[in-house]
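Asks: Submitted below is the structure of interest, expressed as structure tokens.
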Amino acid sequence: MTKDEWGKIVKRICDFYPRSNFMDKQDVFDAWYSLLEDLEFPAAMRAVENYAKENQYPPTIADIRQGYKVLWDEYKAFIRDCKDIYYIAADYYPGMSRELKDEGFETLRQKLSAYPHREWRKRLTDWERKAVAYVRDCEINHKDVKNFKDYVNEQTI
């Protein structure tokens, strides 16, 4: 994250906690930034917003880092879910080449990495919809294939 982005986060914290003297000195601003600059801005902002929803006092550096870690753990689990859905659908219906599968997943990962804190569930739903539509097409054209839901249940039991 850049210093300007960190400034936006500090402003947001000050908006949430107007009575505190949070970041009232440049030295404090710089010290905090030096310990948080490795975080990506959108997820760091979301971590602060999530913290403010449940806490009456301004966050510490550790609070922001912990909130950020929770978001990134969710993001990694989300990517894993997307990959599993895609590969289950595509591997069960072999009409799609491995190169196309890898390219499709890489494209999704790149798009999602730009927005780690937003639209995860919407994108996962879109991903599922595409996988199911692909499978539905296969079912229409090949009457002898299993129902996609049954197949997914077999894979996860």
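Chain identifiers are assigned as A, B, and so on, following the order in which chains appear in the structure tokens; residues are numbered from 1 within each chain, and ligands are numbered from 1 in order of appearance.
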Can you pull out the residues contacting Asp63 of chain A? Cut-off 12 Å, using only C-alpha atoms, and skip same-chain residues under 2 positions away; I want them as a list in words.
Replies: Leu36, Ala44, Ala47, Val48, Glu49, Asn50, Tyr51, Ala52, Glu54, Asn55, Tyr57, Pro58, Pro59, Thr60, Ile61, Arg65, Gln66, Gly67, Tyr68, Lys69 and Val70 of chain A
Asks: For the residues in that selection, give me C-alpha atoms as a compact mmCIF listing (two decimals), in the first residue's frame.
Replies:
```txt
# COMPACT_ATOMS: atom_id res chain seq x y z
CA LEU A 36 1.53 -1.94 7.62
CA ALA A 44 -6.56 -3.34 4.77
CA ALA A 47 -10.15 -4.95 7.82
CA VAL A 48 -10.45 -1.51 9.46
CA GLU A 49 -14.14 -1.25 8.52
CA ASN A 50 -14.84 -4.72 9.89
CA TYR A 51 -12.99 -3.85 13.10
CA ALA A 52 -15.01 -0.63 13.56
CA GLU A 54 -17.50 -4.45 16.49
CA ASN A 55 -15.16 -2.30 18.59
CA TYR A 57 -11.87 1.87 20.55
CA PRO A 58 -9.50 2.59 17.64
CA PRO A 59 -7.57 -0.40 16.28
CA THR A 60 -3.97 -1.26 17.03
CA ILE A 61 -1.49 -2.38 14.41
CA ARG A 65 -3.05 -7.14 10.70
CA GLN A 66 -5.32 -9.76 12.30
CA GLY A 67 -8.37 -8.49 10.38
CA TYR A 68 -6.33 -8.50 7.19
CA LYS A 69 -5.21 -12.08 7.82
CA VAL A 70 -8.81 -13.21 8.30
```
Asks: Compare A:Thr107, A:Leu35, A:Tyr75, A:Pro42 by their minimum atom-to-atom distance to Ala62 of chain A, counting only C-alpha atoms, and give me the closest one.
Replies: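 Of all the options, A:Leu35 lies closest to Ala62 of chain A.
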Asks: Let me make sure I understand: among A:Ile64, A:Val10, A:Met23, A:Ile79, which one has the smallest atom-to-atom distance to Leu39 of chain A if we use only C-alpha atoms?
Replies: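 When distances to Leu39 of chain A are compared using only C-alpha atoms, the smallest one comes from A:Ile64.
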Asks: Mind the document's chain letters and residue numbers, and return as a PyMOL selection string the residues of segment 8-90 of chain A that DSSP labels alpha helix (DSSP H).
Replies: chain A and resi 8-16+26-36+41-54+61-90
Asks: Store the residues picked out above, limited to C-alpha atoms, as a PDB file, in the first residue's frame.
Replies:
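again.pdb, written as the output of this step:
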```
ATOM      1  CA  LYS A   8      -7.123   7.241   3.367  1.00  0.00           C
ATOM      2  CA  ILE A   9      -7.232   4.447   5.941  1.00  0.00           C
ATOM      3  CA  VAL A  10      -6.158   6.814   8.719  1.00  0.00           C
ATOM      4  CA  LYS A  11      -8.851   9.285   7.668  1.00  0.00           C
ATOM      5  CA  ARG A  12     -11.404   6.486   7.759  1.00  0.00           C
ATOM      6  CA  ILE A  13     -10.295   5.452  11.258  1.00  0.00           C
ATOM      7  CA  CYS A  14     -10.559   9.082  12.389  1.00  0.00           C
ATOM      8  CA  ASP A  15     -14.072   9.238  10.900  1.00  0.00           C
ATOM      9  CA  PHE A  16     -15.052   6.144  12.891  1.00  0.00           C
ATOM     10  CA  GLN A  26       3.529  12.630  11.586  1.00  0.00           C
ATOM     11  CA  ASP A  27       5.966  10.349  13.446  1.00  0.00           C
ATOM     12  CA  VAL A  28       3.103   8.107  14.557  1.00  0.00           C
ATOM     13  CA  PHE A  29       1.683   8.074  11.017  1.00  0.00           C
ATOM     14  CA  ASP A  30       5.079   7.047   9.588  1.00  0.00           C
ATOM     15  CA  ALA A  31       5.730   4.422  12.282  1.00  0.00           C
ATOM     16  CA  TRP A  32       2.376   2.729  11.699  1.00  0.00           C
ATOM     17  CA  TYR A  33       2.836   2.909   7.948  1.00  0.00           C
ATOM     18  CA  SER A  34       6.234   1.206   8.194  1.00  0.00           C
ATOM     19  CA  LEU A  35       4.564  -1.777   9.914  1.00  0.00           C
ATOM     20  CA  LEU A  36       1.532  -1.942   7.625  1.00  0.00           C
ATOM     21  CA  PHE A  41      -4.944  -1.370   0.364  1.00  0.00           C
ATOM     22  CA  PRO A  42      -8.453  -2.721  -0.370  1.00  0.00           C
ATOM     23  CA  ALA A  43      -8.189  -5.571   2.122  1.00  0.00           C
ATOM     24  CA  ALA A  44      -6.557  -3.341   4.767  1.00  0.00           C
ATOM     25  CA  MET A  45      -9.407  -0.831   4.414  1.00  0.00           C
ATOM     26  CA  ARG A  46     -11.961  -3.624   4.724  1.00  0.00           C
ATOM     27  CA  ALA A  47     -10.154  -4.951   7.825  1.00  0.00           C
ATOM     28  CA  VAL A  48     -10.454  -1.509   9.455  1.00  0.00           C
ATOM     29  CA  GLU A  49     -14.137  -1.251   8.516  1.00  0.00           C
ATOM     30  CA  ASN A  50     -14.843  -4.725   9.894  1.00  0.00           C
ATOM     31  CA  TYR A  51     -12.994  -3.850  13.104  1.00  0.00           C
ATOM     32  CA  ALA A  52     -15.008  -0.630  13.561  1.00  0.00           C
ATOM     33  CA  LYS A  53     -18.285  -2.548  13.310  1.00  0.00           C
ATOM     34  CA  GLU A  54     -17.498  -4.452  16.489  1.00  0.00           C
ATOM     35  CA  ILE A  61      -1.485  -2.382  14.410  1.00  0.00           C
ATOM     36  CA  ALA A  62      -2.087  -5.962  15.522  1.00  0.00           C
ATOM     37  CA  ASP A  63      -5.873  -5.529  15.153  1.00  0.00           C
ATOM     38  CA  ILE A  64      -5.489  -4.349  11.554  1.00  0.00           C
ATOM     39  CA  ARG A  65      -3.049  -7.140  10.696  1.00  0.00           C
ATOM     40  CA  GLN A  66      -5.319  -9.759  12.297  1.00  0.00           C
ATOM     41  CA  GLY A  67      -8.366  -8.492  10.385  1.00  0.00           C
ATOM     42  CA  TYR A  68      -6.332  -8.502   7.192  1.00  0.00           C
ATOM     43  CA  LYS A  69      -5.209 -12.084   7.819  1.00  0.00           C
ATOM     44  CA  VAL A  70      -8.814 -13.206   8.300  1.00  0.00           C
ATOM     45  CA  LEU A  71      -9.766 -11.621   4.970  1.00  0.00           C
ATOM     46  CA  TRP A  72      -6.849 -13.249   3.148  1.00  0.00           C
ATOM     47  CA  ASP A  73      -7.622 -16.644   4.658  1.00  0.00           C
ATOM     48  CA  GLU A  74     -11.201 -16.263   3.373  1.00  0.00           C
ATOM     49  CA  TYR A  75      -9.863 -15.201  -0.017  1.00  0.00           C
ATOM     50  CA  LYS A  76      -7.579 -18.238  -0.282  1.00  0.00           C
ATOM     51  CA  ALA A  77     -10.464 -20.535   0.683  1.00  0.00           C
ATOM     52  CA  PHE A  78     -12.626 -18.807  -1.921  1.00  0.00           C
ATOM     53  CA  ILE A  79     -10.027 -19.363  -4.647  1.00  0.00           C
ATOM     54  CA  ARG A  80      -9.768 -23.022  -3.614  1.00  0.00           C
ATOM     55  CA  ASP A  81     -13.577 -23.356  -3.832  1.00  0.00           C
ATOM     56  CA  CYS A  82     -13.591 -21.810  -7.311  1.00  0.00           C
ATOM     57  CA  LYS A  83     -10.850 -24.131  -8.461  1.00  0.00           C
ATOM     58  CA  ASP A  84     -12.613 -27.201  -7.055  1.00  0.00           C
ATOM     59  CA  ILE A  85     -15.924 -26.337  -8.693  1.00  0.00           C
ATOM     60  CA  TYR A  86     -14.269 -25.673 -12.015  1.00  0.00           C
ATOM     61  CA  TYR A  87     -12.125 -28.799 -12.056  1.00  0.00           C
ATOM     62  CA  ILE A  88     -14.933 -31.073 -10.898  1.00  0.00           C
ATOM     63  CA  ALA A  89     -17.133 -29.821 -13.726  1.00  0.00           C
ATOM     64  CA  ALA A  90     -14.428 -29.735 -16.371  1.00  0.00           C
TER      65      ALA A  90
END
```
Asks: Do you have the atom CA of Glu106 of chain A-atom CA of Met1 of chain A distance handy?
Replies: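 Computing it gives 23.6 Å between the two atoms.
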